[in-house]
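S.K.: Take a look at this one; I'll ask things after.
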Amino acid sequence: MDNRNKCSDKRFLVFGTGISGIAAAELLLRNGGQVLLYDGNGQLDKEEIREKSDIFKDIEIILGELKEEVLEDLDVAVLSPGVPTDLAEVEMMRKKGMEIWGEIELAYLFERGRILAVTGTNGKTTTTSLLGAIMEHAASVADSGIRKVKVVGNIGIPYTSVVEDTEETSVTVAEISSFQLETIHTFCPQISAILNITPDHLNRHHTMEAYEQAKMRIAKNQGKEQTCILNYEDAVLREFAGRIKAQTVFFSSSRKLQQGMYLDGEQIVWAWNGEQTVLCDTSELQLIGRHNYENVMAAAAMAIMFGISIAQIREVLIRFTAVAHRIEYVVTKRGVRFYNDSKGTNPDAAIQAVRAMKWPTLLIGGGYDKDSEYEDWILSFDGKVKKLVLLGATRDKIKDTAIRMGYPRNDIILAENLEDAVNICYSQAESGDAVLLSPACASWGMFQNYEQRGDMFKEMARALKE
């Protein structure tokens, strides 16, 4: 397909002026597309937006209200991931007969190499980063057939910003969110993975069924020549395996599989065609926690199905360290360990972090309310969490839930802000304890994003006096 021609004969509206929207607009402009850049925030400055790219000098920009007549001559809307597909503006576009694409779909039209894609409620970033490291290691081997590796998507690098640099010998490893999967049409990875599906983003998807369906779209265009890696311990995904055309390969942290990847005691084992091969012992890994062992199994299974040798995979597994903000060790002060799990933005992710702690733990939680329920998170404390320090919009909701679930009222402390929470934990902690930031909530309303929240936590922890 000549994608330059595909763009040059259409007029696009790019919805959103964040990094995804800017990268999408740039890709279209470089390939002859006519672009109108739109953002619903009328307080933004058009000149500041133009300064985001050296090719935006003459771009048309509309901010605030989007009038129906503007859409008359437009063919395609490219939505940034943060734009809900049920907005009135998007509905108006559909009624006008416009195609609705996401940034992932746009980028895929320009992909020349092979793509490996990861989704799931939790573990996406760790699995994507690990798989990217495996592929980069493989690319360093002369006869691997891989020359370039791109790690893109929800991990923070827009797919559209690098796709033009792909070639037949390149591999793109993509972290794909449910928001991004809502707007794919032809996107088809060679190997996909769904790590797990637990309640999240219900304020956006409204129902659990809609959220599950969005995640499952990652395999919608795959055929029998492609592969989908699935978590056997997720009942929804076990059932899903029987409904897709792709070859399915399971991983399990709770039982031995006849075929696939599984955890046997402390060994990660690959079973295929009647043979079992041990990849590594979990004691050799830098990552901690059963959920991380699942991430390792998923990444390793994807790499094996791609054709990477177990020896090469093992080399990367045993040296790979946790990604920033995901059960990330920060510092030890006065014998108290500090861990940053700011990426634990929903209860299930926060449960995994609590389970990974091997020490009595003072837990910092709370933040933006995504309509989550916190009962299972509280139950996971299981005597390990000695103090629960809460902040943000959800602090009272979580406090009430914790008391109702039997957590001691006197061990719940309400903090005014993150600095207050860190200081409270440090004053209450004893040598041999851990302080864990794993909020079970999004950061919005108090921080720009979970990265800023995690970075501030790390700075505060490191600044504590011995």
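Ordering of the structure tokens sets the chain letters (A, B, ...); residue numbers start at 1 within each chain; ligands are numbered from 1 in the order shown.
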Go through range 83-135 of chain A and flag each residue having an atom no more than 8 Å from range 22-25 of chain A; for those, report the closest pair of atoms plus their distance in Å to one decimal, using only C-alpha atoms, ordered by chain and rising number, as JSON lines.
M.R.:
```
{"residue": "A:Glu103", "atom": "CA", "partner": "A:Ala24", "partner_atom": "CA", "distance": 6.2}
{"residue": "A:Leu106", "atom": "CA", "partner": "A:Ala24", "partner_atom": "CA", "distance": 7.5}
{"residue": "A:Ala107", "atom": "CA", "partner": "A:Ala24", "partner_atom": "CA", "distance": 7.8}
```
S.K.: Report as a count of residues only all protein, DNA and RNA residues lying within 10 Å of range 85-99 of chain A, evaluated on only C-alpha atoms, omitting residues in the same chain fewer than 3 positions from it.
M.R.: 26
S.K.: Rank A:Val141, A:Ala241, A:Leu109, A:Val249 by their smallest atom-to-atom distance to Thr186 in chain A, using only C-alpha atoms, and report the top residue only.
M.R.: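 Among the listed residues, A:Leu109 lies closest to Thr186 in chain A.
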S.K.: Where does range 3-57 of chain A meet range 156-165 of chain A within 12 Å, residue by residue, with the nearest atom pair and distance in Å to one decimal for each, counting only C-alpha atoms, listed by chain and rising number, as a Markdown table?
M.R.:
```
| residue | atom | partner | partner_atom | distance |
| --- | --- | --- | --- | --- |
| A:Asn3 | CA | A:Glu164 | CA | 10.8 |
| A:Arg4 | CA | A:Glu164 | CA | 11.1 |
| A:Gly18 | CA | A:Pro158 | CA | 10.3 |
| A:Ile19 | CA | A:Pro158 | CA | 7.0 |
| A:Ser20 | CA | A:Pro158 | CA | 5.4 |
| A:Gly21 | CA | A:Pro158 | CA | 8.9 |
| A:Ile22 | CA | A:Ser161 | CA | 8.9 |
| A:Ala23 | CA | A:Ser161 | CA | 5.2 |
| A:Ala24 | CA | A:Thr160 | CA | 5.6 |
| A:Ala25 | CA | A:Thr160 | CA | 8.9 |
| A:Glu26 | CA | A:Ser161 | CA | 8.0 |
| A:Leu27 | CA | A:Thr160 | CA | 6.4 |
| A:Leu28 | CA | A:Thr160 | CA | 9.2 |
| A:Leu29 | CA | A:Thr160 | CA | 11.8 |
| A:Arg30 | CA | A:Glu164 | CA | 10.0 |
| A:Asn31 | CA | A:Glu164 | CA | 10.1 |
| A:Ser53 | CA | A:Ser161 | CA | 12.0 |
```
S.K.: Output N, CA, C and O atoms for every residue in that selection, as an mmCIF file, in the first residue's frame.
M.R.:
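File again_14.cif, as written:
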```
data_model
loop_
_atom_site.group_PDB
_atom_site.id
_atom_site.type_symbol
_atom_site.label_atom_id
_atom_site.label_comp_id
_atom_site.auth_asym_id
_atom_site.auth_seq_id
_atom_site.Cartn_x
_atom_site.Cartn_y
_atom_site.Cartn_z
ATOM 1 N N ASN A 3 1.126 4.433 1.350
ATOM 2 C CA ASN A 3 0.463 5.168 2.422
ATOM 3 C C ASN A 3 0.550 6.666 2.241
ATOM 4 O O ASN A 3 -0.285 7.408 2.751
ATOM 5 N N ARG A 4 1.578 7.137 1.525
ATOM 6 C CA ARG A 4 1.639 8.576 1.249
ATOM 7 C C ARG A 4 0.423 8.988 0.432
ATOM 8 O O ARG A 4 -0.232 9.996 0.731
ATOM 9 N N GLY A 18 -1.731 16.772 22.734
ATOM 10 C CA GLY A 18 -0.670 16.202 23.557
ATOM 11 C C GLY A 18 0.363 15.524 22.670
ATOM 12 O O GLY A 18 0.360 15.691 21.440
ATOM 13 N N ILE A 19 1.240 14.697 23.260
ATOM 14 C CA ILE A 19 2.328 14.117 22.466
ATOM 15 C C ILE A 19 1.817 13.195 21.361
ATOM 16 O O ILE A 19 2.393 13.158 20.269
ATOM 17 N N SER A 20 0.713 12.466 21.618
ATOM 18 C CA SER A 20 0.173 11.579 20.580
ATOM 19 C C SER A 20 -0.419 12.371 19.426
ATOM 20 O O SER A 20 -0.187 12.057 18.257
ATOM 21 N N GLY A 21 -1.196 13.401 19.746
ATOM 22 C CA GLY A 21 -1.801 14.219 18.694
ATOM 23 C C GLY A 21 -0.766 14.940 17.859
ATOM 24 O O GLY A 21 -0.878 14.989 16.620
ATOM 25 N N ILE A 22 0.258 15.484 18.510
ATOM 26 C CA ILE A 22 1.310 16.202 17.778
ATOM 27 C C ILE A 22 2.050 15.238 16.852
ATOM 28 O O ILE A 22 2.304 15.549 15.677
ATOM 29 N N ALA A 23 2.392 14.046 17.357
ATOM 30 C CA ALA A 23 3.116 13.071 16.532
ATOM 31 C C ALA A 23 2.268 12.610 15.353
ATOM 32 O O ALA A 23 2.771 12.441 14.235
ATOM 33 N N ALA A 24 0.964 12.412 15.568
ATOM 34 C CA ALA A 24 0.076 11.996 14.485
ATOM 35 C C ALA A 24 -0.025 13.080 13.415
ATOM 36 O O ALA A 24 0.033 12.795 12.209
ATOM 37 N N ALA A 25 -0.182 14.320 13.841
ATOM 38 C CA ALA A 25 -0.274 15.429 12.886
ATOM 39 C C ALA A 25 1.004 15.551 12.076
ATOM 40 O O ALA A 25 0.972 15.777 10.851
ATOM 41 N N GLU A 26 2.147 15.400 12.738
ATOM 42 C CA GLU A 26 3.429 15.490 12.031
ATOM 43 C C GLU A 26 3.555 14.388 10.981
ATOM 44 O O GLU A 26 4.000 14.639 9.848
ATOM 45 N N LEU A 27 3.173 13.165 11.345
ATOM 46 C CA LEU A 27 3.249 12.051 10.393
ATOM 47 C C LEU A 27 2.384 12.328 9.166
ATOM 48 O O LEU A 27 2.815 12.116 8.016
ATOM 49 N N LEU A 28 1.187 12.801 9.395
ATOM 50 C CA LEU A 28 0.285 13.092 8.284
ATOM 51 C C LEU A 28 0.826 14.207 7.398
ATOM 52 O O LEU A 28 0.820 14.105 6.159
ATOM 53 N N LEU A 29 1.311 15.276 7.993
ATOM 54 C CA LEU A 29 1.840 16.400 7.220
ATOM 55 C C LEU A 29 3.060 15.980 6.401
ATOM 56 O O LEU A 29 3.218 16.388 5.244
ATOM 57 N N ARG A 30 3.926 15.150 6.994
ATOM 58 C CA ARG A 30 5.122 14.700 6.267
ATOM 59 C C ARG A 30 4.765 13.837 5.061
ATOM 60 O O ARG A 30 5.560 13.702 4.135
ATOM 61 N N ASN A 31 3.556 13.259 5.085
ATOM 62 C CA ASN A 31 3.153 12.363 4.008
ATOM 63 C C ASN A 31 2.007 12.919 3.175
ATOM 64 O O ASN A 31 1.223 12.167 2.592
ATOM 65 N N SER A 53 6.114 21.965 16.883
ATOM 66 C CA SER A 53 6.690 21.294 15.717
ATOM 67 C C SER A 53 7.140 22.329 14.694
ATOM 68 O O SER A 53 6.454 23.333 14.475
#
```
S.K.: Would you please give, as a PyMOL selection string, all residues of range 119-213 of chain A that DSSP assigns to helix (DSSP H, G or I) based on the backbone?
M.R.: chain A and resi 124-139+159-161+163-165+178-181+202-205+208-213
S.K.: Could the residues in this selection be written to a file with N, CA and C atoms, as an mmCIF file, in the first residue's frame?
M.R.:
```
data_model
loop_
_atom_site.group_PDB
_atom_site.id
_atom_site.type_symbol
_atom_site.label_atom_id
_atom_site.label_comp_id
_atom_site.auth_asym_id
_atom_site.auth_seq_id
_atom_site.Cartn_x
_atom_site.Cartn_y
_atom_site.Cartn_z
ATOM 1 N N LYS A 124 1.580 -4.226 31.804
ATOM 2 C CA LYS A 124 1.895 -3.920 30.402
ATOM 3 C C LYS A 124 3.278 -3.309 30.235
ATOM 4 N N THR A 125 3.574 -2.320 31.076
ATOM 5 C CA THR A 125 4.836 -1.594 30.894
ATOM 6 C C THR A 125 6.034 -2.492 31.188
ATOM 7 N N THR A 126 5.967 -3.266 32.269
ATOM 8 C CA THR A 126 7.062 -4.178 32.602
ATOM 9 C C THR A 126 7.251 -5.205 31.501
ATOM 10 N N THR A 127 6.157 -5.816 31.045
ATOM 11 C CA THR A 127 6.247 -6.848 30.007
ATOM 12 C C THR A 127 6.771 -6.269 28.700
ATOM 13 N N THR A 128 6.269 -5.100 28.324
ATOM 14 C CA THR A 128 6.724 -4.459 27.085
ATOM 15 C C THR A 128 8.200 -4.093 27.173
ATOM 16 N N SER A 129 8.611 -3.531 28.290
ATOM 17 C CA SER A 129 10.021 -3.150 28.461
ATOM 18 C C SER A 129 10.923 -4.378 28.417
ATOM 19 N N LEU A 130 10.513 -5.443 29.097
ATOM 20 C CA LEU A 130 11.303 -6.677 29.103
ATOM 21 C C LEU A 130 11.373 -7.287 27.708
ATOM 22 N N LEU A 131 10.241 -7.348 27.015
ATOM 23 C CA LEU A 131 10.238 -7.899 25.654
ATOM 24 C C LEU A 131 11.097 -7.039 24.736
ATOM 25 N N GLY A 132 11.023 -5.726 24.890
ATOM 26 C CA GLY A 132 11.875 -4.841 24.097
ATOM 27 C C GLY A 132 13.345 -5.115 24.346
ATOM 28 N N ALA A 133 13.709 -5.330 25.624
ATOM 29 C CA ALA A 133 15.111 -5.632 25.961
ATOM 30 C C ALA A 133 15.549 -6.955 25.361
ATOM 31 N N ILE A 134 14.649 -7.939 25.355
ATOM 32 C CA ILE A 134 14.976 -9.239 24.744
ATOM 33 C C ILE A 134 15.219 -9.076 23.246
ATOM 34 N N MET A 135 14.345 -8.315 22.590
ATOM 35 C CA MET A 135 14.481 -8.139 21.141
ATOM 36 C C MET A 135 15.737 -7.327 20.801
ATOM 37 N N GLU A 136 16.056 -6.336 21.622
ATOM 38 C CA GLU A 136 17.277 -5.544 21.388
ATOM 39 C C GLU A 136 18.521 -6.406 21.568
ATOM 40 N N HIS A 137 18.486 -7.299 22.543
ATOM 41 C CA HIS A 137 19.610 -8.219 22.728
ATOM 42 C C HIS A 137 19.736 -9.148 21.522
ATOM 43 N N ALA A 138 18.587 -9.640 21.049
ATOM 44 C CA ALA A 138 18.605 -10.515 19.871
ATOM 45 C C ALA A 138 19.123 -9.777 18.648
ATOM 46 N N ALA A 139 18.771 -8.481 18.530
ATOM 47 C CA ALA A 139 19.212 -7.693 17.378
ATOM 48 C C ALA A 139 20.726 -7.513 17.359
ATOM 49 N N TYR A 159 3.643 5.814 18.741
ATOM 50 C CA TYR A 159 3.966 4.922 17.622
ATOM 51 C C TYR A 159 4.198 5.740 16.358
ATOM 52 N N THR A 160 3.386 6.789 16.166
ATOM 53 C CA THR A 160 3.501 7.609 14.960
ATOM 54 C C THR A 160 4.829 8.361 14.877
ATOM 55 N N SER A 161 5.490 8.540 16.019
ATOM 56 C CA SER A 161 6.727 9.332 16.023
ATOM 57 C C SER A 161 7.931 8.550 15.493
ATOM 58 N N VAL A 163 7.437 5.320 13.470
ATOM 59 C CA VAL A 163 7.082 4.273 12.511
ATOM 60 C C VAL A 163 7.742 4.460 11.144
ATOM 61 N N GLU A 164 8.034 5.704 10.766
ATOM 62 C CA GLU A 164 8.662 5.918 9.464
ATOM 63 C C GLU A 164 10.087 5.387 9.411
ATOM 64 N N ASP A 165 10.653 5.091 10.560
ATOM 65 C CA ASP A 165 12.017 4.560 10.623
ATOM 66 C C ASP A 165 12.036 3.035 10.626
ATOM 67 N N SER A 178 -6.421 -0.029 26.528
ATOM 68 C CA SER A 178 -7.805 -0.224 26.075
ATOM 69 C C SER A 178 -8.288 0.993 25.308
ATOM 70 N N PHE A 179 -7.844 2.196 25.717
ATOM 71 C CA PHE A 179 -8.241 3.410 25.004
ATOM 72 C C PHE A 179 -7.770 3.353 23.552
ATOM 73 N N GLN A 180 -6.546 2.881 23.344
ATOM 74 C CA GLN A 180 -5.977 2.822 21.997
ATOM 75 C C GLN A 180 -6.629 1.729 21.155
ATOM 76 N N LEU A 181 -7.032 0.645 21.807
ATOM 77 C CA LEU A 181 -7.628 -0.469 21.068
ATOM 78 C C LEU A 181 -9.051 -0.175 20.600
ATOM 79 N N LEU A 202 -13.419 2.188 34.479
ATOM 80 C CA LEU A 202 -14.858 2.039 34.261
ATOM 81 C C LEU A 202 -15.547 3.387 34.116
ATOM 82 N N ASN A 203 -14.876 4.462 34.554
ATOM 83 C CA ASN A 203 -15.420 5.801 34.295
ATOM 84 C C ASN A 203 -15.354 6.139 32.813
ATOM 85 N N ARG A 204 -14.493 5.467 32.063
ATOM 86 C CA ARG A 204 -14.359 5.690 30.614
ATOM 87 C C ARG A 204 -15.181 4.656 29.838
ATOM 88 N N HIS A 205 -15.057 3.378 30.207
ATOM 89 C CA HIS A 205 -15.724 2.311 29.445
ATOM 90 C C HIS A 205 -17.139 2.027 29.948
ATOM 91 N N MET A 208 -17.898 -3.336 32.692
ATOM 92 C CA MET A 208 -16.790 -4.273 32.625
ATOM 93 C C MET A 208 -16.781 -4.995 31.285
ATOM 94 N N GLU A 209 -17.952 -5.288 30.757
ATOM 95 C CA GLU A 209 -18.044 -5.974 29.460
ATOM 96 C C GLU A 209 -17.423 -5.126 28.352
ATOM 97 N N ALA A 210 -17.690 -3.828 28.363
ATOM 98 C CA ALA A 210 -17.121 -2.943 27.342
ATOM 99 C C ALA A 210 -15.605 -2.870 27.482
ATOM 100 N N TYR A 211 -15.117 -2.853 28.719
ATOM 101 C CA TYR A 211 -13.672 -2.823 28.965
ATOM 102 C C TYR A 211 -13.021 -4.108 28.463
ATOM 103 N N GLU A 212 -13.630 -5.256 28.760
ATOM 104 C CA GLU A 212 -13.096 -6.532 28.279
ATOM 105 C C GLU A 212 -13.066 -6.569 26.754
ATOM 106 N N GLN A 213 -14.136 -6.111 26.135
ATOM 107 C CA GLN A 213 -14.203 -6.139 24.671
ATOM 108 C C GLN A 213 -13.136 -5.252 24.049
#
```
S.K.: Rank nothing, just name the residue among A:Gly120, A:Ser342, A:Arg395, A:Lys220 nearest to Leu237 in chain A, using only C-alpha atoms.
M.R.: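 Of the candidates, the smallest distance to Leu237 in chain A is held by A:Gly120.
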S.K.: I'd like the neighbourhood of range 223-233 of chain A as a short mmCIF file (atom, residue, chain, number, x, y, z; two decimals) with all heavy atoms, in the first residue's frame, where a residue qualifies if any of its atoms comes within 7 Å (using only C-alpha atoms), though same-chain residues fewer than 3 positions away should be ignored.
M.R.:
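Resulting contents of result_20.cif:
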```cif
data_model
loop_
_atom_site.label_atom_id
_atom_site.label_comp_id
_atom_site.auth_asym_id
_atom_site.auth_seq_id
_atom_site.Cartn_x
_atom_site.Cartn_y
_atom_site.Cartn_z
N GLN A 190 1.95 -9.52 14.79
CA GLN A 190 2.34 -10.90 14.54
C GLN A 190 2.10 -11.74 15.79
O GLN A 190 1.62 -12.87 15.72
CB GLN A 190 3.82 -10.99 14.15
CG GLN A 190 4.29 -12.42 13.91
CD GLN A 190 5.75 -12.47 13.49
OE1 GLN A 190 6.31 -11.49 13.03
NE2 GLN A 190 6.39 -13.62 13.66
N ILE A 191 2.45 -11.16 16.96
CA ILE A 191 2.21 -11.81 18.24
C ILE A 191 1.60 -10.79 19.18
O ILE A 191 2.11 -9.67 19.32
CB ILE A 191 3.51 -12.37 18.85
CG1 ILE A 191 4.17 -13.36 17.89
CG2 ILE A 191 3.23 -13.06 20.18
CD1 ILE A 191 5.55 -13.82 18.32
N SER A 192 0.49 -11.15 19.81
CA SER A 192 -0.15 -10.28 20.79
C SER A 192 -0.16 -10.99 22.14
O SER A 192 0.05 -12.20 22.22
CB SER A 192 -1.59 -9.94 20.37
OG SER A 192 -2.40 -11.11 20.40
N ALA A 193 -0.40 -10.23 23.19
CA ALA A 193 -0.55 -10.80 24.53
C ALA A 193 -1.58 -9.99 25.30
O ALA A 193 -1.57 -8.77 25.25
CB ALA A 193 0.77 -10.82 25.27
N ILE A 194 -2.45 -10.71 26.01
CA ILE A 194 -3.34 -10.09 26.99
C ILE A 194 -2.96 -10.68 28.34
O ILE A 194 -3.12 -11.87 28.58
CB ILE A 194 -4.83 -10.35 26.69
CG1 ILE A 194 -5.17 -9.99 25.24
CG2 ILE A 194 -5.70 -9.54 27.65
CD1 ILE A 194 -6.60 -10.28 24.85
N LEU A 195 -2.43 -9.84 29.22
CA LEU A 195 -1.84 -10.32 30.47
C LEU A 195 -2.90 -10.66 31.51
O LEU A 195 -2.75 -11.62 32.27
CB LEU A 195 -0.90 -9.26 31.03
CG LEU A 195 0.20 -8.77 30.09
CD1 LEU A 195 1.00 -7.67 30.76
CD2 LEU A 195 1.10 -9.92 29.67
N ASN A 196 -3.96 -9.89 31.58
CA ASN A 196 -5.01 -10.04 32.58
C ASN A 196 -6.07 -9.01 32.29
O ASN A 196 -5.82 -8.03 31.59
CB ASN A 196 -4.46 -9.84 34.01
CG ASN A 196 -3.53 -8.63 34.09
OD1 ASN A 196 -3.94 -7.50 33.85
ND2 ASN A 196 -2.26 -8.86 34.41
N ALA A 219 -6.61 -8.86 19.30
CA ALA A 219 -6.49 -10.07 18.47
C ALA A 219 -7.53 -10.12 17.36
O ALA A 219 -7.60 -11.12 16.63
CB ALA A 219 -6.63 -11.31 19.35
N LEU A 237 -10.08 -14.82 29.87
CA LEU A 237 -9.15 -15.07 28.77
C LEU A 237 -9.13 -16.53 28.35
O LEU A 237 -8.92 -16.84 27.17
CB LEU A 237 -7.75 -14.59 29.17
CG LEU A 237 -7.64 -13.08 29.42
CD1 LEU A 237 -6.22 -12.71 29.84
CD2 LEU A 237 -8.05 -12.30 28.18
N ARG A 238 -9.34 -17.44 29.30
CA ARG A 238 -9.43 -18.86 28.93
C ARG A 238 -10.58 -19.08 27.96
O ARG A 238 -10.46 -19.80 26.97
CB ARG A 238 -9.67 -19.72 30.19
CG ARG A 238 -8.42 -20.26 30.83
CD ARG A 238 -8.66 -21.50 31.66
NE ARG A 238 -9.80 -21.44 32.56
CZ ARG A 238 -9.78 -20.91 33.78
NH1 ARG A 238 -8.67 -20.33 34.23
NH2 ARG A 238 -10.85 -20.92 34.53
N LYS A 245 -9.14 -16.59 16.01
CA LYS A 245 -8.53 -17.37 14.94
C LYS A 245 -7.05 -17.62 15.18
O LYS A 245 -6.49 -18.60 14.67
CB LYS A 245 -8.72 -16.64 13.61
CG LYS A 245 -10.17 -16.49 13.18
CD LYS A 245 -10.28 -15.68 11.89
CE LYS A 245 -11.75 -15.49 11.50
NZ LYS A 245 -11.88 -14.64 10.28
N ALA A 246 -6.41 -16.76 15.93
CA ALA A 246 -4.96 -16.87 16.16
C ALA A 246 -4.63 -18.13 16.95
O ALA A 246 -5.44 -18.64 17.73
CB ALA A 246 -4.45 -15.65 16.90
N GLN A 247 -3.42 -18.63 16.76
CA GLN A 247 -2.89 -19.69 17.61
C GLN A 247 -2.77 -19.14 19.03
O GLN A 247 -2.24 -18.05 19.23
CB GLN A 247 -1.52 -20.14 17.12
CG GLN A 247 -0.85 -21.16 18.01
CD GLN A 247 0.59 -21.44 17.58
OE1 GLN A 247 1.18 -20.68 16.82
NE2 GLN A 247 1.15 -22.54 18.07
N THR A 248 -3.25 -19.85 20.02
CA THR A 248 -3.17 -19.36 21.39
C THR A 248 -2.11 -20.14 22.17
O THR A 248 -1.98 -21.36 22.03
CB THR A 248 -4.52 -19.47 22.12
OG1 THR A 248 -4.98 -20.83 22.07
CG2 THR A 248 -5.54 -18.56 21.49
N VAL A 249 -1.37 -19.41 22.99
CA VAL A 249 -0.37 -20.00 23.88
C VAL A 249 -0.62 -19.43 25.27
O VAL A 249 -0.71 -18.22 25.43
CB VAL A 249 1.07 -19.68 23.42
CG1 VAL A 249 2.09 -20.23 24.42
CG2 VAL A 249 1.33 -20.25 22.03
N PHE A 250 -0.73 -20.30 26.26
CA PHE A 250 -1.03 -19.86 27.62
C PHE A 250 0.23 -19.77 28.47
O PHE A 250 1.23 -20.45 28.22
CB PHE A 250 -1.99 -20.84 28.30
CG PHE A 250 -3.41 -20.76 27.81
CD1 PHE A 250 -3.96 -21.78 27.04
CD2 PHE A 250 -4.21 -19.67 28.12
CE1 PHE A 250 -5.27 -21.73 26.61
CE2 PHE A 250 -5.52 -19.60 27.69
CZ PHE A 250 -6.05 -20.62 26.93
N PHE A 251 0.14 -18.93 29.52
CA PHE A 251 1.11 -18.97 30.61
C PHE A 251 0.32 -19.07 31.92
O PHE A 251 -0.84 -18.64 31.99
CB PHE A 251 2.04 -17.75 30.61
CG PHE A 251 1.36 -16.43 30.86
CD1 PHE A 251 1.23 -15.92 32.14
CD2 PHE A 251 0.87 -15.68 29.80
CE1 PHE A 251 0.62 -14.70 32.37
CE2 PHE A 251 0.25 -14.45 30.02
CZ PHE A 251 0.12 -13.96 31.32
N SER A 252 0.93 -19.67 32.94
CA SER A 252 0.24 -19.86 34.21
C SER A 252 1.21 -19.77 35.37
O SER A 252 2.31 -20.33 35.31
CB SER A 252 -0.46 -21.23 34.24
OG SER A 252 -0.98 -21.48 35.53
N ALA A 298 5.05 -14.08 30.16
CA ALA A 298 4.40 -13.56 28.96
C ALA A 298 5.43 -13.06 27.95
O ALA A 298 5.36 -13.37 26.75
CB ALA A 298 3.42 -12.45 29.32
N MET A 302 6.30 -14.75 24.25
CA MET A 302 6.23 -13.98 23.01
C MET A 302 7.54 -14.07 22.24
O MET A 302 7.55 -14.25 21.02
CB MET A 302 5.89 -12.51 23.32
CG MET A 302 4.50 -12.29 23.88
SD MET A 302 4.13 -10.55 24.21
CE MET A 302 3.76 -9.96 22.55
#
```
S.K.: For each of A:Asp433, A:Asp54, A:Glu328, A:Asp376, take the minimum atom-to-atom distance to Ile288 in chain A, counting only C-alpha atoms, then give the residue where this is smallest.
M.R.: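 With only C-alpha atoms as the atom set, the closest residue is A:Glu328.
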S.K.: I'd like the contact shell of Tyr38 in chain A - 7 Å cut-off, only C-alpha atoms, skipping same-chain residues fewer than 6 positions apart - returned as JSON, numbers by chain.
M.R.: {"A": [13, 14, 15, 16, 61, 62, 63]}
S.K.: Would you save the residues from that selection as an mmCIF file, in the first residue's frame, using all heavy atoms?
M.R.:
```
data_model
loop_
_atom_site.group_PDB
_atom_site.id
_atom_site.type_symbol
_atom_site.label_atom_id
_atom_site.label_comp_id
_atom_site.auth_asym_id
_atom_site.auth_seq_id
_atom_site.Cartn_x
_atom_site.Cartn_y
_atom_site.Cartn_z
ATOM 1 N N LEU A 13 -8.789 15.391 10.635
ATOM 2 C CA LEU A 13 -8.892 16.143 11.874
ATOM 3 C C LEU A 13 -8.151 15.340 12.936
ATOM 4 O O LEU A 13 -8.504 14.180 13.183
ATOM 5 C CB LEU A 13 -10.345 16.354 12.286
ATOM 6 C CG LEU A 13 -10.565 17.153 13.588
ATOM 7 C CD1 LEU A 13 -11.853 17.977 13.501
ATOM 8 C CD2 LEU A 13 -10.635 16.258 14.827
ATOM 9 N N VAL A 14 -7.122 15.903 13.509
ATOM 10 C CA VAL A 14 -6.398 15.262 14.606
ATOM 11 C C VAL A 14 -6.919 15.836 15.905
ATOM 12 O O VAL A 14 -6.832 17.044 16.146
ATOM 13 C CB VAL A 14 -4.872 15.462 14.474
ATOM 14 C CG1 VAL A 14 -4.154 14.902 15.707
ATOM 15 C CG2 VAL A 14 -4.352 14.781 13.209
ATOM 16 N N PHE A 15 -7.487 14.983 16.748
ATOM 17 C CA PHE A 15 -8.176 15.391 17.972
ATOM 18 C C PHE A 15 -7.218 15.199 19.157
ATOM 19 O O PHE A 15 -6.957 14.087 19.584
ATOM 20 C CB PHE A 15 -9.424 14.526 18.149
ATOM 21 C CG PHE A 15 -10.433 15.051 19.135
ATOM 22 C CD1 PHE A 15 -11.784 14.744 18.977
ATOM 23 C CD2 PHE A 15 -10.065 15.830 20.216
ATOM 24 C CE1 PHE A 15 -12.736 15.198 19.871
ATOM 25 C CE2 PHE A 15 -11.005 16.306 21.116
ATOM 26 C CZ PHE A 15 -12.339 15.985 20.948
ATOM 27 N N GLY A 16 -6.706 16.313 19.677
ATOM 28 C CA GLY A 16 -5.793 16.265 20.817
ATOM 29 C C GLY A 16 -4.456 16.881 20.480
ATOM 30 O O GLY A 16 -3.902 16.622 19.404
ATOM 31 N N ILE A 61 -5.706 25.318 13.277
ATOM 32 C CA ILE A 61 -5.957 24.880 14.654
ATOM 33 C C ILE A 61 -7.302 25.435 15.116
ATOM 34 O O ILE A 61 -7.592 26.617 14.938
ATOM 35 C CB ILE A 61 -4.847 25.355 15.612
ATOM 36 C CG1 ILE A 61 -3.483 24.794 15.193
ATOM 37 C CG2 ILE A 61 -5.163 24.948 17.057
ATOM 38 C CD1 ILE A 61 -2.316 25.349 15.993
ATOM 39 N N ILE A 62 -8.118 24.555 15.707
ATOM 40 C CA ILE A 62 -9.380 24.979 16.317
ATOM 41 C C ILE A 62 -9.363 24.534 17.771
ATOM 42 O O ILE A 62 -9.040 23.382 18.081
ATOM 43 C CB ILE A 62 -10.599 24.363 15.584
ATOM 44 C CG1 ILE A 62 -10.693 24.903 14.159
ATOM 45 C CG2 ILE A 62 -11.888 24.656 16.351
ATOM 46 C CD1 ILE A 62 -11.845 24.314 13.357
ATOM 47 N N LEU A 63 -9.727 25.448 18.677
ATOM 48 C CA LEU A 63 -9.765 25.152 20.100
ATOM 49 C C LEU A 63 -11.162 25.431 20.647
ATOM 50 O O LEU A 63 -11.856 26.327 20.170
ATOM 51 C CB LEU A 63 -8.744 26.012 20.851
ATOM 52 C CG LEU A 63 -7.276 25.881 20.419
ATOM 53 C CD1 LEU A 63 -6.415 26.897 21.153
ATOM 54 C CD2 LEU A 63 -6.760 24.463 20.677
#
```
S.K.: List the spatial neighbours of Leu379 in chain A as a list in words - criterion: any atom at most 9 Å away, only C-alpha atoms, same-chain residues fewer than 3 positions off excluded.
M.R.: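 My list of contacting residues is Ile351, Tyr374, Glu375, Asp376, Asp382, Ala402, Met405, Gly406 and Tyr407 of chain A.
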